[in-house]
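Asker: Contents of final.txt (compact mmCIF, N, CA and C atoms) are given next:
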```txt
# COMPACT_ATOMS: atom_id res chain seq x y z
N MET A 326 0.85 -1.17 0.00
CA MET A 326 0.00 0.00 0.00
C MET A 326 0.89 1.24 0.00
N ARG A 327 0.47 2.23 -0.74
CA ARG A 327 1.23 3.47 -0.86
C ARG A 327 0.91 4.39 0.33
N PHE A 328 1.96 4.98 0.92
CA PHE A 328 1.83 5.90 2.04
C PHE A 328 2.61 7.17 1.79
N ILE A 329 2.09 8.27 2.33
CA ILE A 329 2.88 9.48 2.48
C ILE A 329 3.50 9.40 3.86
N VAL A 330 4.81 9.53 3.92
CA VAL A 330 5.53 9.62 5.19
C VAL A 330 5.95 11.07 5.33
N ARG A 331 5.43 11.73 6.35
CA ARG A 331 5.70 13.14 6.57
C ARG A 331 6.57 13.28 7.80
N ALA A 332 7.71 13.96 7.64
CA ALA A 332 8.65 14.16 8.74
C ALA A 332 8.85 15.66 8.95
N GLN A 333 8.47 16.13 10.14
CA GLN A 333 8.68 17.54 10.49
C GLN A 333 9.85 17.62 11.46
N ILE A 334 10.76 18.53 11.17
CA ILE A 334 11.99 18.65 11.93
C ILE A 334 11.96 19.94 12.74
N PRO A 335 12.08 19.83 14.07
CA PRO A 335 12.10 21.03 14.90
C PRO A 335 13.24 21.96 14.49
N THR A 336 13.06 23.25 14.72
CA THR A 336 14.02 24.26 14.26
C THR A 336 15.44 23.97 14.72
N GLU A 337 15.65 23.68 15.99
CA GLU A 337 17.01 23.46 16.49
C GLU A 337 17.67 22.26 15.80
N ALA A 338 16.94 21.17 15.69
CA ALA A 338 17.47 19.98 15.01
C ALA A 338 17.71 20.28 13.53
N GLY A 339 16.81 21.04 12.91
CA GLY A 339 16.97 21.41 11.51
C GLY A 339 18.18 22.29 11.28
N ASN A 340 18.45 23.20 12.21
CA ASN A 340 19.64 24.05 12.08
C ASN A 340 20.91 23.20 12.12
N LYS A 341 20.95 22.21 13.00
CA LYS A 341 22.10 21.30 13.06
C LYS A 341 22.18 20.47 11.79
N MET A 342 21.03 20.04 11.31
CA MET A 342 20.98 19.19 10.12
C MET A 342 21.60 19.88 8.91
N VAL A 343 21.25 21.15 8.67
CA VAL A 343 21.75 21.83 7.47
C VAL A 343 23.24 22.17 7.58
N GLN A 344 23.79 22.13 8.78
CA GLN A 344 25.22 22.36 8.94
C GLN A 344 26.04 21.09 8.73
N ASN A 345 25.36 19.95 8.67
CA ASN A 345 26.03 18.66 8.47
C ASN A 345 26.39 18.52 7.00
N PRO A 346 27.68 18.39 6.68
CA PRO A 346 28.08 18.26 5.28
C PRO A 346 27.55 16.97 4.61
N LYS A 347 27.10 16.01 5.41
CA LYS A 347 26.57 14.75 4.87
C LYS A 347 25.04 14.77 4.77
N MET A 348 24.41 15.91 5.01
CA MET A 348 22.95 15.98 5.03
C MET A 348 22.33 15.42 3.75
N ILE A 349 22.76 15.90 2.60
CA ILE A 349 22.18 15.45 1.33
C ILE A 349 22.43 13.96 1.13
N GLN A 350 23.63 13.51 1.45
CA GLN A 350 23.94 12.08 1.32
C GLN A 350 23.04 11.24 2.25
N ASP A 351 22.82 11.72 3.47
CA ASP A 351 21.95 11.01 4.41
C ASP A 351 20.52 10.92 3.86
N ILE A 352 20.02 12.00 3.28
CA ILE A 352 18.67 11.99 2.71
C ILE A 352 18.61 11.05 1.50
N GLU A 353 19.63 11.11 0.65
CA GLU A 353 19.67 10.22 -0.51
C GLU A 353 19.74 8.75 -0.07
N ASP A 354 20.51 8.45 0.97
CA ASP A 354 20.58 7.09 1.49
C ASP A 354 19.21 6.64 2.00
N TYR A 355 18.51 7.52 2.70
CA TYR A 355 17.18 7.20 3.21
C TYR A 355 16.22 6.90 2.05
N ILE A 356 16.24 7.74 1.03
CA ILE A 356 15.37 7.55 -0.14
C ILE A 356 15.66 6.21 -0.79
N ARG A 357 16.92 5.88 -0.92
CA ARG A 357 17.32 4.62 -1.54
C ARG A 357 16.88 3.42 -0.68
N LYS A 358 17.11 3.50 0.64
CA LYS A 358 16.77 2.39 1.53
C LYS A 358 15.26 2.15 1.62
N THR A 359 14.48 3.21 1.57
CA THR A 359 13.02 3.06 1.66
C THR A 359 12.39 2.86 0.29
N ASN A 360 13.20 2.99 -0.75
CA ASN A 360 12.72 2.86 -2.12
C ASN A 360 11.57 3.86 -2.38
N ALA A 361 11.74 5.07 -1.87
CA ALA A 361 10.72 6.11 -2.04
C ALA A 361 10.56 6.43 -3.52
N GLU A 362 9.31 6.50 -3.96
CA GLU A 362 9.07 6.81 -5.37
C GLU A 362 9.09 8.31 -5.64
N ALA A 363 8.96 9.11 -4.57
CA ALA A 363 9.04 10.57 -4.70
C ALA A 363 9.41 11.15 -3.34
N SER A 364 9.98 12.34 -3.38
CA SER A 364 10.31 13.06 -2.13
C SER A 364 10.14 14.55 -2.37
N TYR A 365 9.69 15.24 -1.32
CA TYR A 365 9.44 16.67 -1.39
C TYR A 365 9.95 17.32 -0.11
N PHE A 366 10.40 18.56 -0.22
CA PHE A 366 10.99 19.28 0.91
C PHE A 366 10.40 20.68 0.93
N PHE A 367 9.84 21.08 2.09
CA PHE A 367 9.15 22.36 2.17
C PHE A 367 9.00 22.77 3.63
N GLU A 368 8.45 23.93 3.84
CA GLU A 368 8.13 24.44 5.17
C GLU A 368 6.67 24.15 5.45
N ALA A 369 6.36 23.70 6.67
CA ALA A 369 4.97 23.53 7.10
C ALA A 369 4.90 23.88 8.57
N GLY A 370 4.03 24.81 8.91
CA GLY A 370 3.89 25.20 10.31
C GLY A 370 5.17 25.79 10.89
N GLY A 371 5.98 26.39 10.05
CA GLY A 371 7.22 27.00 10.52
C GLY A 371 8.38 26.04 10.70
N GLU A 372 8.20 24.78 10.30
CA GLU A 372 9.27 23.80 10.47
C GLU A 372 9.66 23.19 9.13
N ARG A 373 10.92 22.79 9.04
CA ARG A 373 11.38 22.08 7.85
C ARG A 373 10.61 20.77 7.78
N THR A 374 10.15 20.44 6.59
CA THR A 374 9.31 19.26 6.42
C THR A 374 9.78 18.48 5.20
N MET A 375 9.82 17.17 5.35
CA MET A 375 10.14 16.27 4.25
C MET A 375 8.97 15.31 4.08
N VAL A 376 8.62 15.02 2.83
CA VAL A 376 7.57 14.06 2.54
C VAL A 376 8.12 13.05 1.55
N PHE A 377 7.85 11.78 1.85
CA PHE A 377 8.29 10.69 0.99
C PHE A 377 7.08 9.84 0.64
N ILE A 378 7.02 9.39 -0.59
CA ILE A 378 5.98 8.46 -1.02
C ILE A 378 6.63 7.08 -1.05
N VAL A 379 6.10 6.17 -0.21
CA VAL A 379 6.69 4.84 -0.10
C VAL A 379 5.60 3.78 -0.17
N ASN A 380 5.98 2.59 -0.57
CA ASN A 380 5.07 1.44 -0.54
C ASN A 380 5.39 0.62 0.70
N ILE A 381 4.36 0.34 1.48
CA ILE A 381 4.50 -0.45 2.70
C ILE A 381 3.60 -1.67 2.54
N SER A 382 4.23 -2.83 2.42
CA SER A 382 3.45 -4.05 2.19
C SER A 382 2.96 -4.69 3.48
N SER A 383 3.62 -4.37 4.61
CA SER A 383 3.17 -4.91 5.89
C SER A 383 3.59 -3.96 7.01
N ALA A 384 2.83 -3.98 8.10
CA ALA A 384 3.03 -3.05 9.21
C ALA A 384 4.41 -3.19 9.84
N ASP A 385 5.03 -4.36 9.75
CA ASP A 385 6.34 -4.53 10.37
C ASP A 385 7.44 -3.73 9.66
N MET A 386 7.13 -3.12 8.52
CA MET A 386 8.09 -2.26 7.83
C MET A 386 8.13 -0.84 8.41
N ILE A 387 7.10 -0.47 9.17
CA ILE A 387 6.98 0.91 9.65
C ILE A 387 8.17 1.34 10.51
N PRO A 388 8.64 0.55 11.47
CA PRO A 388 9.80 1.00 12.26
C PRO A 388 11.05 1.28 11.42
N ALA A 389 11.30 0.45 10.42
CA ALA A 389 12.48 0.65 9.58
C ALA A 389 12.38 1.94 8.77
N ILE A 390 11.17 2.37 8.49
CA ILE A 390 10.96 3.62 7.75
C ILE A 390 10.99 4.82 8.70
N ALA A 391 10.43 4.68 9.89
CA ALA A 391 10.33 5.80 10.82
C ALA A 391 11.61 6.06 11.61
N GLU A 392 12.27 5.01 12.08
CA GLU A 392 13.41 5.19 13.00
C GLU A 392 14.52 6.07 12.45
N PRO A 393 14.92 5.93 11.19
CA PRO A 393 15.98 6.83 10.69
C PRO A 393 15.58 8.31 10.76
N LEU A 394 14.29 8.59 10.63
CA LEU A 394 13.82 9.97 10.70
C LEU A 394 13.80 10.46 12.15
N PHE A 395 13.39 9.58 13.07
CA PHE A 395 13.44 9.92 14.49
C PHE A 395 14.88 10.16 14.94
N GLN A 396 15.74 9.21 14.64
CA GLN A 396 17.10 9.24 15.14
C GLN A 396 18.00 10.23 14.39
N GLY A 397 17.90 10.24 13.07
CA GLY A 397 18.80 11.08 12.28
C GLY A 397 18.40 12.54 12.19
N PHE A 398 17.09 12.82 12.34
CA PHE A 398 16.61 14.18 12.13
C PHE A 398 15.77 14.70 13.29
N ASN A 399 15.60 13.89 14.33
CA ASN A 399 14.76 14.27 15.48
C ASN A 399 13.36 14.70 15.01
N ALA A 400 12.86 14.01 13.99
CA ALA A 400 11.61 14.41 13.33
C ALA A 400 10.38 13.86 14.03
N LYS A 401 9.29 14.58 13.86
CA LYS A 401 7.95 14.08 14.19
C LYS A 401 7.47 13.42 12.91
N VAL A 402 7.07 12.14 12.99
CA VAL A 402 6.78 11.36 11.78
C VAL A 402 5.32 10.95 11.75
N GLU A 403 4.71 11.09 10.58
CA GLU A 403 3.32 10.68 10.36
C GLU A 403 3.26 9.78 9.13
N PHE A 404 2.34 8.81 9.16
CA PHE A 404 2.09 7.94 8.02
C PHE A 404 0.64 8.13 7.58
N HIS A 405 0.44 8.33 6.27
CA HIS A 405 -0.90 8.53 5.73
C HIS A 405 -1.08 7.63 4.51
N PRO A 406 -2.02 6.67 4.54
CA PRO A 406 -2.27 5.88 3.34
C PRO A 406 -2.89 6.77 2.27
N VAL A 407 -2.46 6.57 1.03
CA VAL A 407 -2.95 7.39 -0.08
C VAL A 407 -3.26 6.52 -1.30
N MET A 408 -4.03 7.10 -2.22
CA MET A 408 -4.37 6.42 -3.46
C MET A 408 -3.94 7.26 -4.64
N VAL A 409 -3.58 6.60 -5.72
CA VAL A 409 -3.42 7.27 -7.00
C VAL A 409 -4.78 7.21 -7.70
N LEU A 410 -4.92 7.89 -8.81
CA LEU A 410 -6.21 7.96 -9.50
C LEU A 410 -6.75 6.56 -9.84
N GLU A 411 -5.90 5.66 -10.27
CA GLU A 411 -6.36 4.31 -10.61
C GLU A 411 -6.96 3.60 -9.39
N ASP A 412 -6.34 3.79 -8.21
CA ASP A 412 -6.90 3.21 -6.98
C ASP A 412 -8.28 3.80 -6.69
N LEU A 413 -8.41 5.11 -6.86
CA LEU A 413 -9.69 5.76 -6.61
C LEU A 413 -10.77 5.25 -7.56
N LYS A 414 -10.41 5.07 -8.83
CA LYS A 414 -11.37 4.53 -9.80
C LYS A 414 -11.86 3.15 -9.37
N LYS A 415 -10.95 2.29 -8.93
CA LYS A 415 -11.34 0.95 -8.47
C LYS A 415 -12.25 1.04 -7.26
N ALA A 416 -11.92 1.93 -6.34
CA ALA A 416 -12.74 2.08 -5.13
C ALA A 416 -14.15 2.55 -5.47
N VAL A 417 -14.25 3.49 -6.39
CA VAL A 417 -15.56 4.01 -6.78
C VAL A 417 -16.37 2.91 -7.50
N GLN A 418 -15.71 2.12 -8.33
CA GLN A 418 -16.40 1.02 -9.00
C GLN A 418 -16.95 0.03 -7.98
N LYS A 419 -16.17 -0.28 -6.95
CA LYS A 419 -16.62 -1.21 -5.92
C LYS A 419 -17.81 -0.64 -5.15
N LEU A 420 -17.81 0.67 -4.91
CA LEU A 420 -18.93 1.30 -4.23
C LEU A 420 -20.19 1.20 -5.06
N GLY A 421 -20.06 1.32 -6.37
CA GLY A 421 -21.21 1.25 -7.25
C GLY A 421 -21.82 -0.13 -7.33
N LYS A 422 -21.07 -1.16 -6.97
CA LYS A 422 -21.59 -2.54 -7.01
C LYS A 422 -22.45 -2.87 -5.81
N ASN A 423 -22.43 -2.04 -4.79
CA ASN A 423 -23.21 -2.32 -3.57
C ASN A 423 -24.62 -1.83 -3.68
```
For this file, produce the structure as structure tokens.
Answerer:
Amino acid sequence: MRFIVRAQIPTEAGNKMVQNPKMIQDIEDYIRKTNAEASYFFEAGGERTMVFIVNISSADMIPAIAEPLFQGFNAKVEFHPVMVLEDLKKAVQKLGKN
């Protein structure tokens, strides 16, 4: 199942993060390890925010996806299941069969 993983980084931790010369490499490693299909970086609520689109086939994968964000970036992490248009079309078709 496809999820949005949203990581918000507190200001102090974010300030340390951007001073780390390995920051980009660490983010690229995370993207590679989680096999994220997309990643976005922006401000939300006054904090640095990263969003990754990942496929999670079972709940036991969640710690491996969340822990690097907790430990490496001191982030607040959220998981949100999402659908692409094709998923939505299938869901609507199933609703129409009831």
Asker: Nearest residue to Ile334 (chain A) out of A:Ile387, A:Ala400, A:Val379, A:Ile349, using only C-alpha atoms?
Answerer: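 Using only C-alpha atoms, Ile334 (chain A) sits closest to A:Ala400.
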Asker: Taking (13.1, 12.9, 6.5) in the file's coordinates as the center, which residues reach within 8 Å of it, counting only N, CA and C atoms, put as a list in words?
Answerer: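 Here is the list of nearby residues: Val330, Arg331, Ala332, Gln333, Ile334, Ile352, Tyr355, Thr374, Met375, Val376, Phe377, Pro393, Leu394, Phe395, Gly397, Phe398 and Ala400 of chain A.
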Asker: Please return, as a ChimeraX atom specification, all residues of chain A that DSSP assigns to alpha helix (DSSP H) on the basis of the backbone.
Answerer: /A:336-344,348-359,387-398,410-421
Asker: Between CA of Pro388 (chain A) and CA of Ser364 (chain A), what distance in Å does the model show, to one decimal?
Answerer: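 One can read the CA of Pro388 (chain A) to CA of Ser364 (chain A) distance as 18.8 Å.
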Asker: Hey, which of A:Ala384, A:Ile390, A:Glu372, A:Ile329 ends up closest to Thr359 (chain A)? Count only N, CA and C atoms.
Answerer: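 Ranking A:Ala384, A:Ile390, A:Glu372, A:Ile329 by distance to Thr359 (chain A), first place goes to A:Ile390.
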Asker: CA of Ala391 (chain A) and CA of His405 (chain A), how far apart in Å?
Answerer: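 Value for the CA of His405 (chain A)-CA of Ala391 (chain A) distance: 12.6 Å.
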Asker: Rounded to one decimal in Å, what is the spacing between CA of Asn399 (chain A) and atom N of Pro335 (chain A)?
Answerer: 6.3 Å
Asker: Using only C-alpha atoms, pick whichever of A:Arg373, A:Glu362, A:Arg357, A:Arg327 has the shortest atom-to-atom distance to Met342 (chain A).
Answerer: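 Among the listed residues, A:Arg373 lies closest to Met342 (chain A).
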